[in-house]
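**Student:** So here's coords_21.cif, just mmCIF, C-alpha atoms:
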data_my_file
loop_
_atom_site.label_atom_id
_atom_site.label_comp_id
_atom_site.auth_asym_id
_atom_site.auth_seq_id
_atom_site.Cartn_x
_atom_site.Cartn_y
_atom_site.Cartn_z
CA MET A 1 0.00 0.00 0.00
CA VAL A 2 1.26 3.45 -0.86
CA LYS A 3 0.05 6.44 1.14
CA LEU A 4 0.60 10.13 0.48
CA THR A 5 2.78 11.81 3.08
CA ASP A 6 1.35 14.71 5.09
CA GLU A 7 3.31 17.15 2.93
CA MET A 8 1.89 15.53 -0.24
CA LYS A 9 -1.64 15.61 1.19
CA GLU A 10 -1.29 19.33 1.78
CA GLN A 11 -0.25 19.92 -1.83
CA PHE A 12 -2.95 17.58 -3.18
CA ALA A 13 -5.59 19.58 -1.29
CA LYS A 14 -4.56 22.80 -3.09
CA MET A 15 -5.12 21.35 -6.56
CA LYS A 16 -8.25 22.40 -8.42
CA ILE A 17 -7.74 20.60 -11.72
CA PHE A 18 -5.66 17.47 -12.23
CA PRO A 19 -4.28 16.12 -15.50
CA PHE A 20 -5.54 12.53 -15.57
CA ALA A 21 -3.95 10.03 -17.94
CA THR A 22 -5.16 6.62 -19.04
CA ALA A 23 -4.24 4.34 -21.93
CA SER A 24 -6.12 1.98 -24.20
CA LYS A 25 -5.23 -1.70 -24.01
CA ASP A 26 -2.99 -1.30 -27.02
CA GLY A 27 -1.19 1.64 -25.41
CA VAL A 28 -2.65 4.82 -26.87
CA PRO A 29 -2.32 7.43 -24.10
CA ASN A 30 -5.11 9.86 -23.25
CA VAL A 31 -4.93 12.87 -20.95
CA ILE A 32 -7.70 15.21 -19.80
CA PRO A 33 -8.18 17.81 -17.07
CA ILE A 34 -10.44 16.57 -14.25
CA GLY A 35 -12.02 18.59 -11.48
CA MET A 36 -13.72 16.06 -9.26
CA CYS A 37 -10.83 14.17 -7.74
CA PHE A 38 -10.84 13.54 -3.99
CA LEU A 39 -8.17 11.99 -1.81
CA GLN A 40 -9.77 9.77 0.82
CA GLU A 41 -8.91 9.72 4.51
CA ASP A 42 -6.78 6.58 4.16
CA ALA A 43 -4.40 8.69 1.98
CA GLU A 44 -4.06 5.77 -0.43
CA THR A 45 -7.37 5.92 -2.30
CA ILE A 46 -8.54 8.62 -4.71
CA TRP A 47 -12.12 9.02 -5.79
CA ILE A 48 -12.60 10.36 -9.30
CA VAL A 49 -16.04 11.22 -10.60
CA ASP A 50 -17.00 10.36 -14.15
CA ASN A 51 -19.35 13.06 -15.34
CA PHE A 52 -18.39 13.40 -18.99
CA PHE A 53 -15.71 10.79 -19.65
CA LEU A 54 -15.65 9.20 -23.08
CA LYS A 55 -12.25 7.79 -24.06
CA THR A 56 -11.18 7.82 -20.39
CA ILE A 57 -13.94 5.44 -19.29
CA GLU A 58 -13.43 3.24 -22.38
CA ASN A 59 -9.74 3.01 -21.51
CA LEU A 60 -10.40 2.25 -17.86
CA ARG A 61 -12.78 -0.55 -18.78
CA GLU A 62 -10.17 -2.32 -20.87
CA ASN A 63 -7.05 -1.22 -18.94
CA PRO A 64 -7.80 -0.20 -15.33
CA LYS A 65 -4.78 2.02 -14.69
CA GLY A 66 -4.51 5.75 -14.16
CA ALA A 67 -1.89 8.44 -13.59
CA LEU A 68 -2.15 12.05 -12.49
CA TYR A 69 0.20 14.69 -11.22
CA VAL A 70 0.13 17.32 -8.51
CA TRP A 71 1.77 20.53 -9.64
CA GLY A 72 0.83 24.14 -10.26
CA PRO A 73 1.60 27.74 -9.43
CA GLU A 74 0.59 27.33 -5.77
CA ILE A 75 2.00 23.84 -5.32
CA LYS A 76 5.30 23.10 -3.64
CA GLY A 77 7.16 20.44 -5.61
CA CYS A 78 5.70 18.13 -8.22
CA PHE A 79 4.79 14.48 -7.96
CA GLN A 80 3.03 11.93 -10.10
CA ILE A 81 0.63 9.37 -8.67
CA LYS A 82 -0.11 6.05 -10.39
CA GLY A 83 -2.76 3.60 -9.41
CA ASN A 84 -5.13 0.76 -10.13
CA ILE A 85 -8.71 1.54 -10.91
CA ARG A 86 -12.09 0.09 -10.04
CA ILE A 87 -15.24 1.44 -11.66
CA ILE A 88 -18.13 1.56 -9.20
CA ASP A 89 -21.74 1.93 -10.33
CA ARG A 90 -23.70 1.08 -7.17
CA GLY A 91 -23.46 0.72 -3.42
CA GLU A 92 -22.81 2.92 -0.45
CA ASP A 93 -19.72 4.71 -1.75
CA PHE A 94 -21.41 5.28 -5.08
CA ASP A 95 -24.42 6.83 -3.34
CA GLU A 96 -22.16 9.03 -1.26
CA MET A 97 -20.32 10.20 -4.39
CA ARG A 98 -23.67 11.02 -6.05
CA LYS A 99 -24.68 13.08 -3.04
CA ILE A 100 -21.44 15.10 -3.08
CA VAL A 101 -21.64 15.71 -6.81
CA LYS A 102 -25.35 16.57 -6.92
CA ALA A 103 -24.77 19.09 -4.12
CA ARG A 104 -22.32 20.83 -6.44
CA GLY A 105 -24.80 20.91 -9.29
CA GLU A 106 -27.88 18.94 -10.30
CA HIS A 107 -26.71 18.99 -13.94
CA PHE A 108 -23.66 16.78 -13.25
CA PRO A 109 -24.53 13.24 -14.37
CA ALA A 110 -22.19 11.57 -11.80
CA LYS A 111 -22.22 8.40 -13.87
CA PHE A 112 -19.49 6.39 -12.21
CA LEU A 113 -17.25 6.47 -9.20
CA ILE A 114 -13.68 5.68 -10.23
CA LYS A 115 -11.67 4.41 -7.26
CA MET A 116 -7.94 4.66 -7.74
CA LYS A 117 -5.75 2.72 -5.32
CA ILE A 118 -2.32 4.34 -5.28
CA THR A 119 0.50 1.99 -6.32
CA ASP A 120 3.43 4.38 -6.94
CA ILE A 121 4.48 7.98 -6.48
CA PHE A 122 7.21 9.58 -8.58
CA GLU A 123 9.09 12.86 -8.51
CA CYS A 124 8.12 14.95 -11.51
CA GLY A 125 9.81 18.30 -11.05
CA PRO A 126 12.54 19.10 -13.61
CA GLY A 127 16.16 18.20 -12.89
CA PRO A 128 18.28 15.10 -12.45
CA ASN A 129 15.79 13.57 -9.95
CA ALA A 130 12.88 13.74 -12.40
CA GLY A 131 11.09 10.41 -12.62
CA LYS A 132 12.63 9.03 -9.43
CA LYS A 133 10.34 6.75 -7.45
CA LEU A 134 9.43 8.44 -4.16
CA LEU A 135 7.03 5.86 -2.70
CA MET B 1 -2.43 14.96 -41.80
CA VAL B 2 -4.02 16.90 -38.97
CA LYS B 3 -3.23 20.57 -38.57
CA LEU B 4 -4.18 22.90 -35.75
CA THR B 5 -6.64 25.61 -36.78
CA ASP B 6 -5.61 29.26 -36.42
CA GLU B 7 -7.75 29.50 -33.28
CA MET B 8 -6.02 26.42 -31.81
CA LYS B 9 -2.59 27.80 -32.71
CA GLU B 10 -3.38 30.96 -30.83
CA GLN B 11 -4.34 29.00 -27.70
CA PHE B 12 -1.34 26.67 -28.03
CA ALA B 13 0.99 29.69 -28.10
CA LYS B 14 -0.33 30.89 -24.73
CA MET B 15 0.54 27.63 -22.95
CA LYS B 16 3.61 27.59 -20.72
CA ILE B 17 3.43 24.05 -19.32
CA PHE B 18 1.74 21.11 -21.03
CA PRO B 19 0.64 17.84 -19.41
CA PHE B 20 2.30 15.21 -21.61
CA ALA B 21 1.09 11.61 -21.44
CA THR B 22 2.73 8.45 -22.73
CA ALA B 23 2.20 4.76 -21.98
CA SER B 24 4.42 1.73 -21.68
CA LYS B 25 3.92 -1.04 -24.22
CA ASP B 26 1.78 -2.91 -21.71
CA GLY B 27 -0.40 0.16 -21.15
CA VAL B 28 0.76 1.81 -17.94
CA PRO B 29 0.02 5.52 -18.42
CA ASN B 30 2.49 8.24 -17.41
CA VAL B 31 1.87 11.99 -17.28
CA ILE B 32 4.32 14.82 -16.57
CA PRO B 33 4.39 18.59 -16.99
CA ILE B 34 6.65 19.69 -19.86
CA GLY B 35 7.90 23.17 -20.65
CA MET B 36 9.78 22.83 -23.91
CA CYS B 37 7.05 22.03 -26.38
CA PHE B 38 6.99 23.95 -29.67
CA LEU B 39 4.41 23.85 -32.44
CA GLN B 40 6.15 24.02 -35.81
CA GLU B 41 5.16 26.23 -38.72
CA ASP B 42 3.42 23.38 -40.55
CA ALA B 43 0.91 23.34 -37.61
CA GLU B 44 0.99 19.52 -37.65
CA THR B 45 4.33 18.82 -35.97
CA ILE B 46 5.27 19.47 -32.35
CA TRP B 47 8.84 19.49 -31.10
CA ILE B 48 9.29 18.33 -27.53
CA VAL B 49 12.69 18.54 -25.84
CA ASP B 50 13.88 15.73 -23.61
CA ASN B 51 15.94 17.30 -20.88
CA PHE B 52 15.11 15.13 -17.88
CA PHE B 53 12.77 12.42 -19.16
CA LEU B 54 13.03 9.01 -17.54
CA LYS B 55 9.85 6.93 -17.83
CA THR B 56 8.63 9.16 -20.66
CA ILE B 57 11.60 8.36 -22.92
CA GLU B 58 11.46 4.66 -21.97
CA ASN B 59 7.79 4.62 -22.92
CA LEU B 60 8.37 6.45 -26.21
CA ARG B 61 11.09 3.99 -27.20
CA GLU B 62 8.77 1.03 -26.81
CA ASN B 63 5.48 2.73 -27.71
CA PRO B 64 5.97 5.90 -29.81
CA LYS B 65 2.69 7.65 -29.02
CA GLY B 66 1.99 10.82 -27.06
CA ALA B 67 -0.94 12.95 -25.90
CA LEU B 68 -1.14 16.43 -24.42
CA TYR B 69 -3.82 18.99 -23.82
CA VAL B 70 -4.17 22.73 -24.24
CA TRP B 71 -6.10 24.27 -21.39
CA GLY B 72 -5.56 26.74 -18.59
CA PRO B 73 -6.75 29.93 -16.96
CA GLU B 74 -5.83 32.05 -20.00
CA ILE B 75 -6.87 29.52 -22.61
CA LYS B 76 -10.14 29.67 -24.53
CA GLY B 77 -11.59 26.17 -24.73
CA CYS B 78 -9.78 22.91 -24.17
CA PHE B 79 -8.48 20.37 -26.66
CA GLN B 80 -6.37 17.26 -26.55
CA ILE B 81 -3.74 16.50 -29.20
CA LYS B 82 -2.58 12.95 -29.95
CA GLY B 83 0.29 12.01 -32.18
CA ASN B 84 2.99 9.65 -33.32
CA ILE B 85 6.50 10.15 -32.07
CA ARG B 86 9.99 9.97 -33.54
CA ILE B 87 13.02 10.33 -31.29
CA ILE B 88 15.78 12.31 -33.01
CA ASP B 89 19.36 12.27 -31.74
CA ARG B 90 21.28 13.84 -34.63
CA GLY B 91 20.94 15.94 -37.78
CA GLU B 92 19.92 19.44 -38.70
CA ASP B 93 16.70 19.63 -36.65
CA PHE B 94 18.45 18.13 -33.65
CA ASP B 95 21.20 20.76 -33.89
CA GLU B 96 18.60 23.51 -34.19
CA MET B 97 16.78 22.19 -31.11
CA ARG B 98 20.07 22.15 -29.17
CA LYS B 99 20.72 25.76 -30.15
CA ILE B 100 17.29 26.90 -28.95
CA VAL B 101 17.58 25.02 -25.66
CA LYS B 102 21.16 26.03 -24.89
CA ALA B 103 20.19 29.67 -25.48
CA ARG B 104 17.66 29.24 -22.65
CA GLY B 105 20.23 27.75 -20.30
CA GLU B 106 23.55 25.95 -20.68
CA HIS B 107 22.53 23.55 -17.90
CA PHE B 108 19.73 21.95 -19.95
CA PRO B 109 21.03 18.65 -21.31
CA ALA B 110 18.81 18.74 -24.45
CA LYS B 111 19.26 15.00 -24.87
CA PHE B 112 16.72 14.22 -27.55
CA LEU B 113 14.35 15.94 -29.90
CA ILE B 114 10.94 14.29 -29.77
CA LYS B 115 8.98 14.98 -32.93
CA MET B 116 5.25 14.45 -32.55
CA LYS B 117 3.20 14.28 -35.76
CA ILE B 118 -0.39 15.15 -34.89
CA THR B 119 -2.89 12.39 -35.70
CA ASP B 120 -6.05 13.48 -33.82
CA ILE B 121 -7.50 16.41 -31.93
CA PHE B 122 -10.31 15.98 -29.39
CA GLU B 123 -12.55 18.31 -27.45
CA CYS B 124 -11.69 18.10 -23.75
CA GLY B 125 -13.77 20.76 -22.05
CA PRO B 126 -16.47 19.45 -19.69
CA GLY B 127 -19.99 18.80 -20.95
CA PRO B 128 -21.77 16.49 -23.35
CA ASN B 129 -19.23 17.19 -26.15
CA ALA B 130 -16.25 16.09 -24.04
CA GLY B 131 -14.07 13.63 -25.92
CA LYS B 132 -15.61 14.43 -29.32
CA LYS B 133 -13.14 14.19 -32.20
CA LEU B 134 -12.57 17.68 -33.61
CA LEU B 135 -9.96 16.93 -36.29
#
Starting from the coordinates I provided, produce the structure as structure tokens.

**Tutor:**
Amino acid sequence: MVKLTDEMKEQFAKMKIFPFATASKDGVPNVIPIGMCFLQEDAETIWIVDNFFLKTIENLRENPKGALYVWGPEIKGCFQIKGNIRIIDRGEDFDEMRKIVKARGEHFPAKFLIKMKITDIFECGPGPNAGKKLL
Amino acid sequence: MVKLTDEMKEQFAKMKIFPFATASKDGVPNVIPIGMCFLQEDAETIWIVDNFFLKTIENLRENPKGALYVWGPEIKGCFQIKGNIRIIDRGEDFDEMRKIVKARGEHFPAKFLIKMKITDIFECGPGPNAGKKLL
């Protein structure tokens, strides 16, 4: 299990939009900006809401892996998170996700809850340490 | 051949940092922020400079495909560009890339020129058109 450190959690919390990458089974990468991306209390699970995914959800169905990074003007450092995905379409967590999303706006379809279990964290700031595995 | 429209070129030019996604041959996505990313005059080729790539260059060697998006606070709209990659390590274009990079800072290693030929452009703003193929 890989958990974000307290310092990483702090930076994660400042992010508004995350670049979220997936790949098709035959390896075509896809990257989109996502807004609804919530680190859970265990610090090793991320909830991502599928409102308008198209290629992203297709990719996740055939190849359940995701990557995103934490970086921006207000962020200290830069790190990339990789993880394994489960697509959830019912149950308690799903209902909770729907409640959170619908409170933000009735027009959000909140189609699926994407649960990403963190497997690796990498440095992604520029310099000779770029790409180094942190956790 | 897929070329950026004049409107897209204008937005591309405003970007400072691009999220650049690749995938390993077995489909593990990777995404990092890149700074040296230049649209060429033909509007269908992008030059990306490898200064500090690690997983990204490994991925491109085994699976020469890339994706990035154009979006940000000063950007009108949001679109994702996908393309095929060639890694260049010598020749006229390589020398030109080195010149550009070294003028920005002697400390940049400027290891490889990554040429991305655009194959597809997709809408990536939120809403029912998200993911729609534009070009």

**Student:** Around (9.8, 9.2, -2.6) in the file's own coordinates, what residues are found within 12 Å if you use only C-alpha atoms, given back as a list in words?

**Tutor:** Val2, Lys3, Leu4, Thr5, Glu7, Met8, Gly77, Cys78, Phe79, Gln80, Ile81, Asp120, Ile121, Phe122, Glu123, Cys124, Asn129, Ala130, Gly131, Lys132, Lys133, Leu134 and Leu135 of chain A

**Student:** Do me a favour and pick out the residues of chain B within 8 Å of chain A, using only C-alpha atoms, as number ranges by chain.

**Tutor:** B: 19-33, 52-55, 63, 65-69, 80, 82, 124, 126-128, 130-131

**Student:** Quick check, in Å to one decimal: how far apart do atom CA of Gly91 of chain A and atom CA of Lys117 of chain A lie?

**Tutor:**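 Atom-to-atom, atom CA of Gly91 of chain A to atom CA of Lys117 of chain A, that is 17.9 Å.
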
**Student:** Can you give me chain A superposed onto chain B, least-squares on all Cα in order, written as a CSV table (one decimal) with C-alpha atoms, keeping the file's coordinate frame?

**Tutor:**
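Contents of superposed.csv, freshly written:
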chain,number,residue,atom,x,y,z
A,1,MET,CA,-2.4,14.9,-41.8
A,2,VAL,CA,-4.0,16.9,-39.0
A,3,LYS,CA,-3.2,20.6,-38.6
A,4,LEU,CA,-4.2,22.9,-35.8
A,5,THR,CA,-6.6,25.6,-36.8
A,6,ASP,CA,-5.6,29.3,-36.4
A,7,GLU,CA,-7.7,29.5,-33.3
A,8,MET,CA,-6.0,26.4,-31.8
A,9,LYS,CA,-2.6,27.8,-32.7
A,10,GLU,CA,-3.4,31.0,-30.8
A,11,GLN,CA,-4.3,29.0,-27.7
A,12,PHE,CA,-1.3,26.7,-28.0
A,13,ALA,CA,1.0,29.7,-28.1
A,14,LYS,CA,-0.3,30.9,-24.7
A,15,MET,CA,0.5,27.6,-23.0
A,16,LYS,CA,3.6,27.6,-20.7
A,17,ILE,CA,3.4,24.1,-19.4
A,18,PHE,CA,1.7,21.1,-21.0
A,19,PRO,CA,0.6,17.8,-19.4
A,20,PHE,CA,2.3,15.2,-21.6
A,21,ALA,CA,1.1,11.6,-21.4
A,22,THR,CA,2.7,8.4,-22.7
A,23,ALA,CA,2.2,4.8,-22.0
A,24,SER,CA,4.4,1.7,-21.7
A,25,LYS,CA,3.9,-1.1,-24.2
A,26,ASP,CA,1.8,-2.9,-21.7
A,27,GLY,CA,-0.4,0.1,-21.2
A,28,VAL,CA,0.8,1.8,-17.9
A,29,PRO,CA,0.0,5.5,-18.4
A,30,ASN,CA,2.5,8.2,-17.4
A,31,VAL,CA,1.9,12.0,-17.3
A,32,ILE,CA,4.3,14.8,-16.6
A,33,PRO,CA,4.4,18.6,-17.0
A,34,ILE,CA,6.7,19.7,-19.9
A,35,GLY,CA,7.9,23.2,-20.6
A,36,MET,CA,9.8,22.8,-23.9
A,37,CYS,CA,7.1,22.0,-26.4
A,38,PHE,CA,7.0,23.9,-29.7
A,39,LEU,CA,4.4,23.9,-32.4
A,40,GLN,CA,6.2,24.0,-35.8
A,41,GLU,CA,5.2,26.2,-38.7
A,42,ASP,CA,3.4,23.4,-40.5
A,43,ALA,CA,0.9,23.3,-37.6
A,44,GLU,CA,1.0,19.5,-37.6
A,45,THR,CA,4.3,18.8,-36.0
A,46,ILE,CA,5.3,19.5,-32.3
A,47,TRP,CA,8.8,19.5,-31.1
A,48,ILE,CA,9.3,18.3,-27.5
A,49,VAL,CA,12.7,18.5,-25.8
A,50,ASP,CA,13.9,15.7,-23.6
A,51,ASN,CA,15.9,17.3,-20.9
A,52,PHE,CA,15.1,15.1,-17.9
A,53,PHE,CA,12.8,12.4,-19.2
A,54,LEU,CA,13.0,9.0,-17.5
A,55,LYS,CA,9.8,6.9,-17.8
A,56,THR,CA,8.6,9.2,-20.7
A,57,ILE,CA,11.6,8.4,-22.9
A,58,GLU,CA,11.5,4.7,-22.0
A,59,ASN,CA,7.8,4.6,-22.9
A,60,LEU,CA,8.4,6.5,-26.2
A,61,ARG,CA,11.1,4.0,-27.2
A,62,GLU,CA,8.8,1.0,-26.8
A,63,ASN,CA,5.5,2.7,-27.7
A,64,PRO,CA,6.0,5.9,-29.8
A,65,LYS,CA,2.7,7.7,-29.0
A,66,GLY,CA,2.0,10.8,-27.1
A,67,ALA,CA,-0.9,12.9,-25.9
A,68,LEU,CA,-1.1,16.4,-24.4
A,69,TYR,CA,-3.8,19.0,-23.8
A,70,VAL,CA,-4.1,22.7,-24.2
A,71,TRP,CA,-6.1,24.3,-21.4
A,72,GLY,CA,-5.5,26.7,-18.6
A,73,PRO,CA,-6.7,29.9,-16.9
A,74,GLU,CA,-5.8,32.1,-20.0
A,75,ILE,CA,-6.9,29.5,-22.6
A,76,LYS,CA,-10.1,29.7,-24.5
A,77,GLY,CA,-11.6,26.2,-24.8
A,78,CYS,CA,-9.8,22.9,-24.2
A,79,PHE,CA,-8.5,20.4,-26.7
A,80,GLN,CA,-6.4,17.3,-26.6
A,81,ILE,CA,-3.7,16.5,-29.2
A,82,LYS,CA,-2.6,13.0,-30.0
A,83,GLY,CA,0.3,12.0,-32.2
A,84,ASN,CA,3.0,9.6,-33.3
A,85,ILE,CA,6.5,10.1,-32.1
A,86,ARG,CA,10.0,10.0,-33.5
A,87,ILE,CA,13.0,10.3,-31.3
A,88,ILE,CA,15.8,12.3,-33.0
A,89,ASP,CA,19.4,12.3,-31.7
A,90,ARG,CA,21.3,13.9,-34.6
A,91,GLY,CA,20.9,15.9,-37.8
A,92,GLU,CA,19.9,19.4,-38.7
A,93,ASP,CA,16.7,19.6,-36.7
A,94,PHE,CA,18.5,18.1,-33.7
A,95,ASP,CA,21.2,20.8,-33.9
A,96,GLU,CA,18.6,23.5,-34.2
A,97,MET,CA,16.8,22.2,-31.1
A,98,ARG,CA,20.1,22.1,-29.2
A,99,LYS,CA,20.7,25.8,-30.1
A,100,ILE,CA,17.3,26.9,-28.9
A,101,VAL,CA,17.6,25.0,-25.7
A,102,LYS,CA,21.2,26.0,-24.9
A,103,ALA,CA,20.2,29.7,-25.5
A,104,ARG,CA,17.7,29.2,-22.7
A,105,GLY,CA,20.2,27.8,-20.3
A,106,GLU,CA,23.6,26.0,-20.7
A,107,HIS,CA,22.5,23.5,-17.9
A,108,PHE,CA,19.7,22.0,-20.0
A,109,PRO,CA,21.0,18.6,-21.3
A,110,ALA,CA,18.8,18.7,-24.4
A,111,LYS,CA,19.3,15.0,-24.9
A,112,PHE,CA,16.7,14.2,-27.5
A,113,LEU,CA,14.4,16.0,-29.9
A,114,ILE,CA,10.9,14.3,-29.8
A,115,LYS,CA,9.0,15.0,-32.9
A,116,MET,CA,5.3,14.5,-32.6
A,117,LYS,CA,3.2,14.3,-35.7
A,118,ILE,CA,-0.4,15.2,-34.9
A,119,THR,CA,-2.9,12.4,-35.7
A,120,ASP,CA,-6.0,13.5,-33.8
A,121,ILE,CA,-7.5,16.4,-31.9
A,122,PHE,CA,-10.3,16.0,-29.4
A,123,GLU,CA,-12.5,18.3,-27.4
A,124,CYS,CA,-11.7,18.1,-23.8
A,125,GLY,CA,-13.8,20.8,-22.0
A,126,PRO,CA,-16.5,19.4,-19.7
A,127,GLY,CA,-20.0,18.8,-21.0
A,128,PRO,CA,-21.8,16.5,-23.4
A,129,ASN,CA,-19.2,17.2,-26.1
A,130,ALA,CA,-16.3,16.1,-24.0
A,131,GLY,CA,-14.1,13.6,-25.9
A,132,LYS,CA,-15.6,14.4,-29.3
A,133,LYS,CA,-13.1,14.2,-32.2
A,134,LEU,CA,-12.6,17.7,-33.6
A,135,LEU,CA,-9.9,16.9,-36.3

**Student:** Asp95 of chain B: which residues within 12 Å, counting all atoms listed in the file, same-chain residues fewer than 4 positions away excluded, as a PDB file with C-alpha atoms, in the frame of the given file?

**Tutor:**
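Just written: result-v2.pdb:
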ATOM      1  CA  VAL B  49      12.690  18.540 -25.840  1.00  0.00           C
ATOM      2  CA  ILE B  88      15.780  12.310 -33.010  1.00  0.00           C
ATOM      3  CA  ASP B  89      19.360  12.270 -31.740  1.00  0.00           C
ATOM      4  CA  ARG B  90      21.280  13.840 -34.630  1.00  0.00           C
ATOM      5  CA  GLY B  91      20.940  15.940 -37.780  1.00  0.00           C
ATOM      6  CA  LYS B  99      20.720  25.760 -30.150  1.00  0.00           C
ATOM      7  CA  ILE B 100      17.290  26.900 -28.950  1.00  0.00           C
ATOM      8  CA  VAL B 101      17.580  25.020 -25.660  1.00  0.00           C
ATOM      9  CA  LYS B 102      21.160  26.030 -24.890  1.00  0.00           C
ATOM     10  CA  ALA B 110      18.810  18.740 -24.450  1.00  0.00           C
ATOM     11  CA  LYS B 111      19.260  15.000 -24.870  1.00  0.00           C
ATOM     12  CA  PHE B 112      16.720  14.220 -27.550  1.00  0.00           C
ATOM     13  CA  LEU B 113      14.350  15.940 -29.900  1.00  0.00           C
TER      14      LEU B 113
END

**Student:** Between atom CA of Lys14 of chain B and atom CA of Thr119 of chain B, what distance in Å does the model show, to one decimal?

**Tutor:**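 Distance between the two atoms: 21.7 Å.
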
**Student:** Identify, on the basis of all atoms listed in the file, every residue whose closest approach to Leu39 of chain A does not exceed 9 Å; exclude the query and any residue fewer than 5 positions from it along the same chain; express the result as an NGL selection string.

**Tutor:** :A and (9 or 12-13 or 44-48)

**Student:** Report, in Å with one decimal, the straight-line distance from atom CA of Gly105 of chain B to atom CA of Met36 of chain B.

**Tutor:**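 Straight-line distance from atom CA of Gly105 of chain B to atom CA of Met36 of chain B works out to 12.1 Å.
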
**Student:** Enclose the full set of atoms of segment 56-60 of chain A listed in the file within a box whose edges lie along x, y and z, apply 4 Å of padding to each of the six sides, and report centre and edge lengths in Å to one decimal as lines of an AutoDock Vina configuration file.

**Tutor:**
center_x = -11.8
center_y = 5.0
center_z = -20.1
size_x = 12.2
size_y = 13.6
size_z = 12.5

**Student:** When you count all atoms listed in the file, which of these residues is closest to Lys115 of chain B: B:Ile75, B:Met1, B:Cys37, B:Ile87?

**Tutor:** B:Ile87
